[in-house]
$ cat start_30.cif   # mmCIF, C-alpha atoms
data_input
loop_
_atom_site.group_PDB
_atom_site.id
_atom_site.type_symbol
_atom_site.label_atom_id
_atom_site.label_comp_id
_atom_site.auth_asym_id
_atom_site.auth_seq_id
_atom_site.Cartn_x
_atom_site.Cartn_y
_atom_site.Cartn_z
ATOM 1 C CA MET A 1 7.750 215.452 -40.950
ATOM 2 C CA THR A 2 9.264 211.991 -40.407
ATOM 3 C CA PHE A 3 11.338 212.338 -43.568
ATOM 4 C CA LEU A 4 12.710 215.689 -42.374
ATOM 5 C CA ALA A 5 13.701 214.189 -39.006
ATOM 6 C CA ALA A 6 15.489 211.329 -40.776
ATOM 7 C CA LEU A 7 17.235 213.803 -43.065
ATOM 8 C CA VAL A 8 18.417 215.843 -40.071
ATOM 9 C CA THR A 9 19.753 212.688 -38.396
ATOM 10 C CA VAL A 10 21.619 211.640 -41.548
ATOM 11 C CA GLY A 11 22.991 215.168 -41.902
ATOM 12 C CA TRP A 12 24.289 215.188 -38.317
ATOM 13 C CA LEU A 13 25.846 211.750 -38.796
ATOM 14 C CA ALA A 14 27.562 212.843 -42.028
ATOM 15 C CA GLY A 15 28.797 216.025 -40.344
ATOM 16 C CA VAL A 16 30.291 214.097 -37.430
ATOM 17 C CA LEU A 17 31.974 211.621 -39.793
ATOM 18 C CA PHE A 18 33.470 214.428 -41.881
ATOM 19 C CA LEU A 19 34.657 216.165 -38.719
ATOM 20 C CA LEU A 20 36.355 212.979 -37.486
ATOM 21 C CA PHE A 21 37.966 212.516 -40.898
ATOM 22 C CA ALA A 22 39.250 216.112 -40.855
ATOM 23 C CA VAL A 23 40.702 215.675 -37.357
ATOM 24 C CA GLY A 24 42.407 212.435 -38.458
ATOM 25 C CA CYS A 25 43.904 214.154 -41.501
ATOM 26 C CA GLY A 26 45.097 217.050 -39.379
ATOM 27 C CA LEU A 27 46.774 214.712 -36.892
ATOM 28 C CA TYR A 28 48.461 212.848 -39.743
ATOM 29 C CA VAL A 29 49.850 216.086 -41.211
ATOM 30 C CA LEU A 30 50.967 217.158 -37.744
ATOM 31 C CA SER A 31 52.754 213.843 -37.198
ATOM 32 C CA GLU A 32 54.573 214.297 -40.529
ATOM 33 C CA TRP A 33 55.780 217.749 -39.442
ATOM 34 C CA VAL A 34 56.860 216.420 -36.051
ATOM 35 C CA GLU A 35 58.855 213.670 -37.726
ATOM 36 C CA GLU A 36 60.729 216.212 -39.857
ATOM 37 C CA HIS A 37 61.417 218.727 -37.045
ATOM 38 C CA PRO A 38 62.109 216.847 -33.782
ATOM 39 C CA ARG A 39 64.155 219.605 -32.068
ATOM 40 C CA THR A 40 61.560 222.275 -32.702
ATOM 41 C CA THR A 41 58.832 219.892 -31.560
ATOM 42 C CA ARG A 42 60.689 219.123 -28.343
ATOM 43 C CA GLN A 43 60.985 222.834 -27.519
ATOM 44 C CA LEU A 44 57.363 223.433 -28.456
ATOM 45 C CA LEU A 45 56.274 220.627 -26.145
ATOM 46 C CA ARG A 46 58.334 222.096 -23.278
ATOM 47 C CA TYR A 47 56.747 225.520 -23.814
ATOM 48 C CA THR A 48 53.307 223.900 -24.001
ATOM 49 C CA ILE A 49 53.838 222.184 -20.649
ATOM 50 C CA TRP A 50 54.900 225.436 -19.012
ATOM 51 C CA GLY A 51 52.013 227.299 -20.647
ATOM 52 C CA VAL A 52 49.496 224.759 -19.341
ATOM 53 C CA ASP A 53 51.054 225.128 -15.873
ATOM 54 C CA VAL A 54 50.504 228.898 -16.039
ATOM 55 C CA VAL A 55 46.870 228.389 -17.082
ATOM 56 C CA LEU A 56 46.396 225.931 -14.211
ATOM 57 C CA ALA A 57 47.856 228.474 -11.772
ATOM 58 C CA LEU A 58 45.365 231.036 -13.063
ATOM 59 C CA MET A 59 42.589 228.489 -12.527
ATOM 60 C CA ALA A 60 43.647 228.231 -8.882
ATOM 61 C CA ILE A 61 43.109 231.979 -8.586
ATOM 62 C CA ASP A 62 39.655 231.446 -10.112
ATOM 63 C CA GLY A 63 38.797 229.069 -7.280
ATOM 64 C CA LEU A 64 39.222 225.583 -8.723
ATOM 65 C CA SER A 65 40.468 222.786 -6.468
ATOM 66 C CA VAL A 66 44.093 223.524 -5.555
ATOM 67 C CA TRP A 67 45.074 219.938 -4.825
ATOM 68 C CA ARG A 68 43.697 218.787 -8.193
ATOM 69 C CA ILE A 69 45.636 221.568 -9.893
ATOM 70 C CA LEU A 70 48.832 220.460 -8.123
ATOM 71 C CA ILE A 71 48.244 216.885 -9.290
ATOM 72 C CA SER A 72 47.759 218.120 -12.869
ATOM 73 C CA VAL A 73 50.966 220.183 -12.713
ATOM 74 C CA GLY A 74 52.814 217.140 -11.356
ATOM 75 C CA ALA A 75 51.367 214.980 -14.122
ATOM 76 C CA ASN A 76 52.542 217.494 -16.736
ATOM 77 C CA HIS A 77 56.088 217.304 -15.407
ATOM 78 C CA ILE A 78 55.982 213.519 -15.359
ATOM 79 C CA TYR A 79 54.874 213.695 -19.000
ATOM 80 C CA ALA A 80 57.927 215.906 -19.567
ATOM 81 C CA THR A 81 60.223 213.053 -18.525
ATOM 82 C CA ASN A 82 59.298 211.437 -21.856
ATOM 83 C CA LEU A 83 61.136 214.333 -23.545
ATOM 84 C CA GLU A 84 64.547 213.109 -22.287
ATOM 85 C CA GLY A 85 64.969 210.667 -25.166
ATOM 86 C CA PHE A 86 62.624 212.551 -27.476
ATOM 87 C CA PRO A 87 61.299 211.573 -30.022
ATOM 88 C CA LEU A 88 62.007 207.926 -29.153
ATOM 89 C CA VAL A 89 59.962 206.185 -26.482
ATOM 90 C CA ASN A 90 59.977 202.701 -25.021
ATOM 91 C CA LEU A 91 56.322 201.669 -25.144
ATOM 92 C CA GLY A 92 56.876 199.135 -22.348
ATOM 93 C CA GLY A 93 58.917 201.497 -20.165
ATOM 94 C CA ALA A 94 57.830 202.780 -16.772
ATOM 95 C CA LYS A 95 57.867 206.433 -17.897
ATOM 96 C CA PHE A 96 55.521 205.868 -20.808
ATOM 97 C CA LEU A 97 53.164 203.514 -18.969
ATOM 98 C CA GLY A 98 53.120 205.834 -15.945
ATOM 99 C CA SER A 99 52.315 208.768 -18.205
ATOM 100 C CA CYS A 100 49.422 206.854 -19.756
ATOM 101 C CA ALA A 101 48.046 205.935 -16.327
ATOM 102 C CA LEU A 102 48.408 209.545 -15.143
ATOM 103 C CA ALA A 103 46.603 210.852 -18.230
ATOM 104 C CA VAL A 104 43.626 208.585 -17.544
ATOM 105 C CA GLY A 105 43.709 209.336 -13.809
ATOM 106 C CA ASN A 106 43.953 213.095 -14.387
ATOM 107 C CA HIS A 107 40.991 212.944 -16.759
ATOM 108 C CA PHE A 108 38.787 211.153 -14.234
ATOM 109 C CA LEU A 109 39.964 213.397 -11.404
ATOM 110 C CA TRP A 110 38.687 216.494 -13.231
ATOM 111 C CA PHE A 111 35.678 214.721 -14.710
ATOM 112 C CA PHE A 112 34.329 213.835 -11.266
ATOM 113 C CA TYR A 113 35.159 217.334 -10.010
ATOM 114 C CA PHE A 114 32.993 218.932 -12.698
ATOM 115 C CA ILE A 115 30.228 216.306 -12.297
ATOM 116 C CA GLN A 116 29.911 217.310 -8.633
ATOM 117 C CA ARG A 117 29.716 221.008 -9.575
ATOM 118 C CA LEU A 118 27.145 221.367 -12.311
ATOM 119 C CA SER A 119 27.315 225.168 -12.118
ATOM 120 C CA PHE A 120 30.035 225.282 -14.802
ATOM 121 C CA PRO A 121 28.761 225.706 -18.377
ATOM 122 C CA PHE A 122 29.497 222.803 -20.709
ATOM 123 C CA SER A 123 31.664 224.958 -22.998
ATOM 124 C CA GLN A 124 33.906 225.972 -20.088
ATOM 125 C CA VAL A 125 34.299 222.368 -18.960
ATOM 126 C CA CYS A 126 35.192 221.240 -22.499
ATOM 127 C CA SER A 127 37.718 224.054 -22.903
ATOM 128 C CA PHE A 128 39.324 223.314 -19.554
ATOM 129 C CA MET A 129 39.516 219.583 -20.272
ATOM 130 C CA PHE A 130 41.109 220.172 -23.677
ATOM 131 C CA PHE A 131 43.680 222.800 -22.715
ATOM 132 C CA CYS A 132 44.522 221.738 -19.158
ATOM 133 C CA VAL A 133 44.028 217.964 -19.180
ATOM 134 C CA TRP A 134 44.315 216.538 -22.714
ATOM 135 C CA LEU A 135 46.608 218.913 -24.637
ATOM 136 C CA VAL A 136 49.984 217.749 -23.299
ATOM 137 C CA PRO A 137 49.312 213.967 -23.383
ATOM 138 C CA LEU A 138 47.820 214.157 -26.884
ATOM 139 C CA ALA A 139 50.711 216.265 -28.164
ATOM 140 C CA LEU A 140 53.196 213.778 -26.739
ATOM 141 C CA PHE A 141 51.240 210.844 -28.162
ATOM 142 C CA VAL A 142 51.255 212.279 -31.671
ATOM 143 C CA SER A 143 54.961 213.151 -31.556
ATOM 144 C CA LEU A 144 56.632 210.124 -29.928
ATOM 145 C CA VAL A 145 58.294 207.388 -31.989
ATOM 146 C CA PRO A 146 58.339 203.790 -30.723
ATOM 147 C CA ILE A 147 61.922 202.805 -29.940
ATOM 148 C CA ASP A 148 61.479 199.383 -31.589
ATOM 149 C CA THR A 149 61.353 200.986 -35.035
ATOM 150 C CA ALA A 150 64.421 203.163 -34.441
ATOM 151 C CA LEU A 151 67.001 200.713 -33.069
ATOM 152 C CA PRO A 152 69.896 199.547 -35.228
ATOM 153 C CA SER A 153 68.414 196.044 -35.063
ATOM 154 C CA ALA A 154 65.436 197.453 -36.949
ATOM 155 C CA GLN A 155 67.639 197.917 -40.027
ATOM 156 C CA THR A 156 66.350 194.575 -41.281
ATOM 157 C CA ALA A 157 62.857 196.023 -41.099
ATOM 158 C CA SER A 158 63.909 198.975 -43.242
ATOM 159 C CA VAL A 159 65.259 196.528 -45.806
ATOM 160 C CA ARG A 160 61.755 195.030 -46.048
ATOM 161 C CA GLY A 161 60.387 198.490 -46.826
ATOM 162 C CA LYS A 162 59.443 199.649 -43.345
ATOM 163 C CA THR A 163 60.785 202.925 -42.036
ATOM 164 C CA ARG A 164 60.788 204.656 -38.671
ATOM 165 C CA GLN A 165 57.370 206.183 -37.976
ATOM 166 C CA ASN A 166 55.719 207.840 -35.034
ATOM 167 C CA ILE A 167 53.001 206.179 -32.976
ATOM 168 C CA PHE A 168 50.088 207.865 -34.747
ATOM 169 C CA LYS A 169 51.309 206.841 -38.198
ATOM 170 C CA THR A 170 52.088 203.300 -37.005
ATOM 171 C CA MET A 171 48.542 202.874 -35.680
ATOM 172 C CA PHE A 172 46.971 203.922 -38.963
ATOM 173 C CA ALA A 173 49.416 202.060 -41.207
ATOM 174 C CA LYS A 174 47.004 199.119 -41.347
ATOM 175 C CA PHE A 175 44.650 201.248 -43.478
ATOM 176 C CA ALA A 176 47.276 201.557 -46.224
ATOM 177 C CA LYS A 177 47.864 198.840 -48.786
ATOM 178 C CA PRO A 178 50.800 196.574 -47.865
ATOM 179 C CA ASP A 179 52.762 197.302 -51.046
ATOM 180 C CA GLY A 180 52.620 201.081 -50.471
ATOM 181 C CA GLU A 181 50.142 201.826 -53.265
ATOM 182 C CA GLN A 182 47.622 204.581 -52.815
ATOM 183 C CA GLN A 183 44.084 203.587 -51.922
ATOM 184 C CA PRO A 184 41.645 204.438 -54.753
ATOM 185 C CA LEU A 185 39.039 207.039 -53.869
ATOM 186 C CA HIS A 186 36.313 205.265 -55.836
ATOM 187 C CA VAL A 187 35.611 201.860 -57.263
ATOM 188 C CA ASP A 188 34.838 201.528 -60.972
#

$ encode --input "start_30.cif" --output "structure tokens"
Amino acid sequence: MTFLAALVTVGWLAGVLFLLFAVGCGLYVLSEWVEEHPRTTRQLLRYTIWGVDVVLALMAIDGLSVWRILISVGANHIYATNLEGFPLVNLGGAKFLGSCALAVGNHFLWFFYFIQRLSFPFSQVCSFMFFCVWLVPLALFVSLVPIDTALPSAQTASVRGKTRQNIFKTMFAKFAKPDGEQQPLHVD
């Protein structure tokens, strides 16, 4: 029976690792599409923000905290200010840093709300947190391009082989080989 318990634990661990890998691959493919279609992405992000606002309004009818919903709607429209220069973003700018702080604050605001009211099923809390709290900031995070890699002064960087990339791809660039070769899947 001990061997079976260990096997179950290893199976769960492998499943979680494969799931994380699949999510990472999906985000990478999504960031590639965003990079190729910035206008469509900008419109899609605007529609997403308005759609989340409609869902939040419906949640107010369901009896959730109205002042928390108003803060979330306000946060969504502050996130939307990042769309003015879309897809470029100044990572040290007040808009971006304020959006990051609001995303964390909005998360904790709703987290503590649901902790105080344990009557909500876990699946409903997870769905609400994904669609109403995390969807817009994560979509913006995957689609924004740091302004440092897009300025004309960055032309010297493109001469060295670097090109303009979005934030998600820049973060995971350290996993690629420096000379641009593909990583081998196995070692002989």

$ residues_around --input "start_30.cif" --residues "A:Leu44" --least-positions-apart "2" --cutoff "12 Å" --atoms "all atoms listed in the file" --output "ChimeraX atom specification"
/A:34,37-42,46-51,80,83,136,139-140,143

$ resolve_selection --input "start_30.cif" --expression "the PyMOL selection byres ((chain A and resi 105-108) around 8)" --output "MDAnalysis selection string"
chainID A and resid 71:72 75 101:104 109:112 129 133:134

$ atom_distance --input "start_30.cif" --atom1 "atom CA of A:Leu70" --atom2 "atom CA of A:Val54"
11.7 Å

$ closest_residue --input "start_30.cif" --among "A:Arg117, A:Leu135, A:Val29, A:Phe3" --to "A:Asp53" --atoms "all atoms listed in the file"
A:Leu135

$ atom_distance --input "start_30.cif" --atom1 "atom CA of A:Gln43" --atom2 "atom CA of A:Leu56"
20.0 Å

$ atom_distance --input "start_30.cif" --atom1 "atom CA of A:Leu138" --atom2 "atom CA of A:Phe120"
24.2 Å

$ decode --input "start_30.cif" --residues "stretch 64-93 of chain A" --atoms "N, CA, C and O atoms" --output "CSV table (one decimal), in the first residue's frame"
chain,number,residue,atom,x,y,z
A,64,LEU,N,-23.0,40.4,-4.3
A,64,LEU,CA,-21.7,40.6,-3.9
A,64,LEU,C,-21.5,42.1,-3.5
A,64,LEU,O,-22.3,42.9,-3.8
A,65,SER,N,-20.4,42.3,-2.8
A,65,SER,CA,-20.1,43.6,-2.2
A,65,SER,C,-20.0,44.7,-3.4
A,65,SER,O,-19.2,44.6,-4.3
A,66,VAL,N,-20.9,45.7,-3.3
A,66,VAL,CA,-21.0,46.7,-4.4
A,66,VAL,C,-19.7,47.6,-4.4
A,66,VAL,O,-19.2,47.9,-5.4
A,67,TRP,N,-19.2,47.9,-3.2
A,67,TRP,CA,-18.0,48.8,-3.2
A,67,TRP,C,-16.8,48.1,-3.7
A,67,TRP,O,-15.9,48.7,-4.4
A,68,ARG,N,-16.7,46.8,-3.5
A,68,ARG,CA,-15.6,46.0,-4.1
A,68,ARG,C,-15.7,45.9,-5.6
A,68,ARG,O,-14.7,45.9,-6.3
A,69,ILE,N,-16.9,45.7,-6.0
A,69,ILE,CA,-17.2,45.7,-7.5
A,69,ILE,C,-16.8,47.0,-8.1
A,69,ILE,O,-16.2,47.0,-9.2
A,70,LEU,N,-17.2,48.1,-7.5
A,70,LEU,CA,-16.8,49.4,-8.1
A,70,LEU,C,-15.3,49.6,-8.1
A,70,LEU,O,-14.8,50.2,-9.1
A,71,ILE,N,-14.6,49.1,-7.1
A,71,ILE,CA,-13.1,49.2,-7.1
A,71,ILE,C,-12.6,48.4,-8.3
A,71,ILE,O,-11.6,48.8,-9.0
A,72,SER,N,-13.1,47.2,-8.5
A,72,SER,CA,-12.7,46.3,-9.6
A,72,SER,C,-12.9,46.9,-10.9
A,72,SER,O,-12.1,46.9,-11.8
A,73,VAL,N,-14.1,47.6,-11.1
A,73,VAL,CA,-14.4,48.2,-12.4
A,73,VAL,C,-13.4,49.4,-12.6
A,73,VAL,O,-12.9,49.6,-13.7
A,74,GLY,N,-13.2,50.2,-11.5
A,74,GLY,CA,-12.2,51.2,-11.6
A,74,GLY,C,-10.8,50.7,-12.0
A,74,GLY,O,-10.1,51.3,-12.8
A,75,ALA,N,-10.4,49.6,-11.3
A,75,ALA,CA,-9.1,49.0,-11.6
A,75,ALA,C,-9.0,48.6,-13.1
A,75,ALA,O,-8.0,48.8,-13.8
A,76,ASN,N,-10.1,48.0,-13.6
A,76,ASN,CA,-10.1,47.6,-15.0
A,76,ASN,C,-9.9,48.8,-16.0
A,76,ASN,O,-9.2,48.7,-17.0
A,77,HIS,N,-10.5,50.0,-15.6
A,77,HIS,CA,-10.3,51.1,-16.5
A,77,HIS,C,-9.0,51.8,-16.3
A,77,HIS,O,-8.5,52.5,-17.2
A,78,ILE,N,-8.4,51.6,-15.2
A,78,ILE,CA,-7.0,52.1,-15.0
A,78,ILE,C,-6.0,51.2,-15.8
A,78,ILE,O,-5.1,51.6,-16.4
A,79,TYR,N,-6.3,49.9,-15.8
A,79,TYR,CA,-5.6,49.0,-16.7
A,79,TYR,C,-5.7,49.4,-18.1
A,79,TYR,O,-4.8,49.3,-18.9
A,80,ALA,N,-6.9,49.9,-18.5
A,80,ALA,CA,-7.1,50.3,-19.9
A,80,ALA,C,-6.3,51.5,-20.3
A,80,ALA,O,-6.0,51.7,-21.5
A,81,THR,N,-5.8,52.3,-19.3
A,81,THR,CA,-4.9,53.4,-19.7
A,81,THR,C,-3.6,52.9,-20.3
A,81,THR,O,-2.9,53.6,-21.0
A,82,ASN,N,-3.2,51.6,-20.0
A,82,ASN,CA,-2.0,51.1,-20.7
A,82,ASN,C,-2.2,50.8,-22.2
A,82,ASN,O,-1.3,50.5,-22.9
A,83,LEU,N,-3.5,50.9,-22.6
A,83,LEU,CA,-3.8,50.6,-24.0
A,83,LEU,C,-3.5,51.9,-24.9
A,83,LEU,O,-3.5,51.8,-26.1
A,84,GLU,N,-3.3,53.0,-24.3
A,84,GLU,CA,-3.0,54.2,-25.1
A,84,GLU,C,-1.8,54.1,-26.0
A,84,GLU,O,-1.9,54.5,-27.1
A,85,GLY,N,-0.7,53.6,-25.5
A,85,GLY,CA,0.4,53.4,-26.3
A,85,GLY,C,0.7,52.0,-26.7
A,85,GLY,O,1.8,51.6,-27.0
A,86,PHE,N,-0.4,51.2,-26.7
A,86,PHE,CA,-0.3,49.8,-26.9
A,86,PHE,C,0.4,49.4,-28.2
A,86,PHE,O,0.1,50.1,-29.2
A,87,PRO,N,1.2,48.5,-28.3
A,87,PRO,CA,1.6,47.5,-27.3
A,87,PRO,C,2.8,47.8,-26.5
A,87,PRO,O,3.3,47.0,-25.7
A,88,LEU,N,3.3,49.1,-26.7
A,88,LEU,CA,4.5,49.5,-25.9
A,88,LEU,C,4.1,49.9,-24.5
A,88,LEU,O,3.1,50.6,-24.3
A,89,VAL,N,5.0,49.6,-23.6
A,89,VAL,CA,4.8,50.1,-22.2
A,89,VAL,C,6.1,50.4,-21.5
A,89,VAL,O,7.1,49.8,-21.8
A,90,ASN,N,6.0,51.5,-20.7
A,90,ASN,CA,7.2,51.9,-20.0
A,90,ASN,C,7.1,51.2,-18.6
A,90,ASN,O,6.3,51.5,-17.8
A,91,LEU,N,8.0,50.2,-18.4
A,91,LEU,CA,8.0,49.4,-17.2
A,91,LEU,C,8.2,50.2,-15.9
A,91,LEU,O,7.9,49.7,-14.9
A,92,GLY,N,8.8,51.4,-16.0
A,92,GLY,CA,9.0,52.2,-14.9
A,92,GLY,C,8.0,53.3,-14.8
A,92,GLY,O,8.1,54.1,-13.8
A,93,GLY,N,7.1,53.4,-15.7
A,93,GLY,CA,6.1,54.4,-15.7
A,93,GLY,C,5.0,54.3,-14.6
A,93,GLY,O,4.7,53.2,-14.1
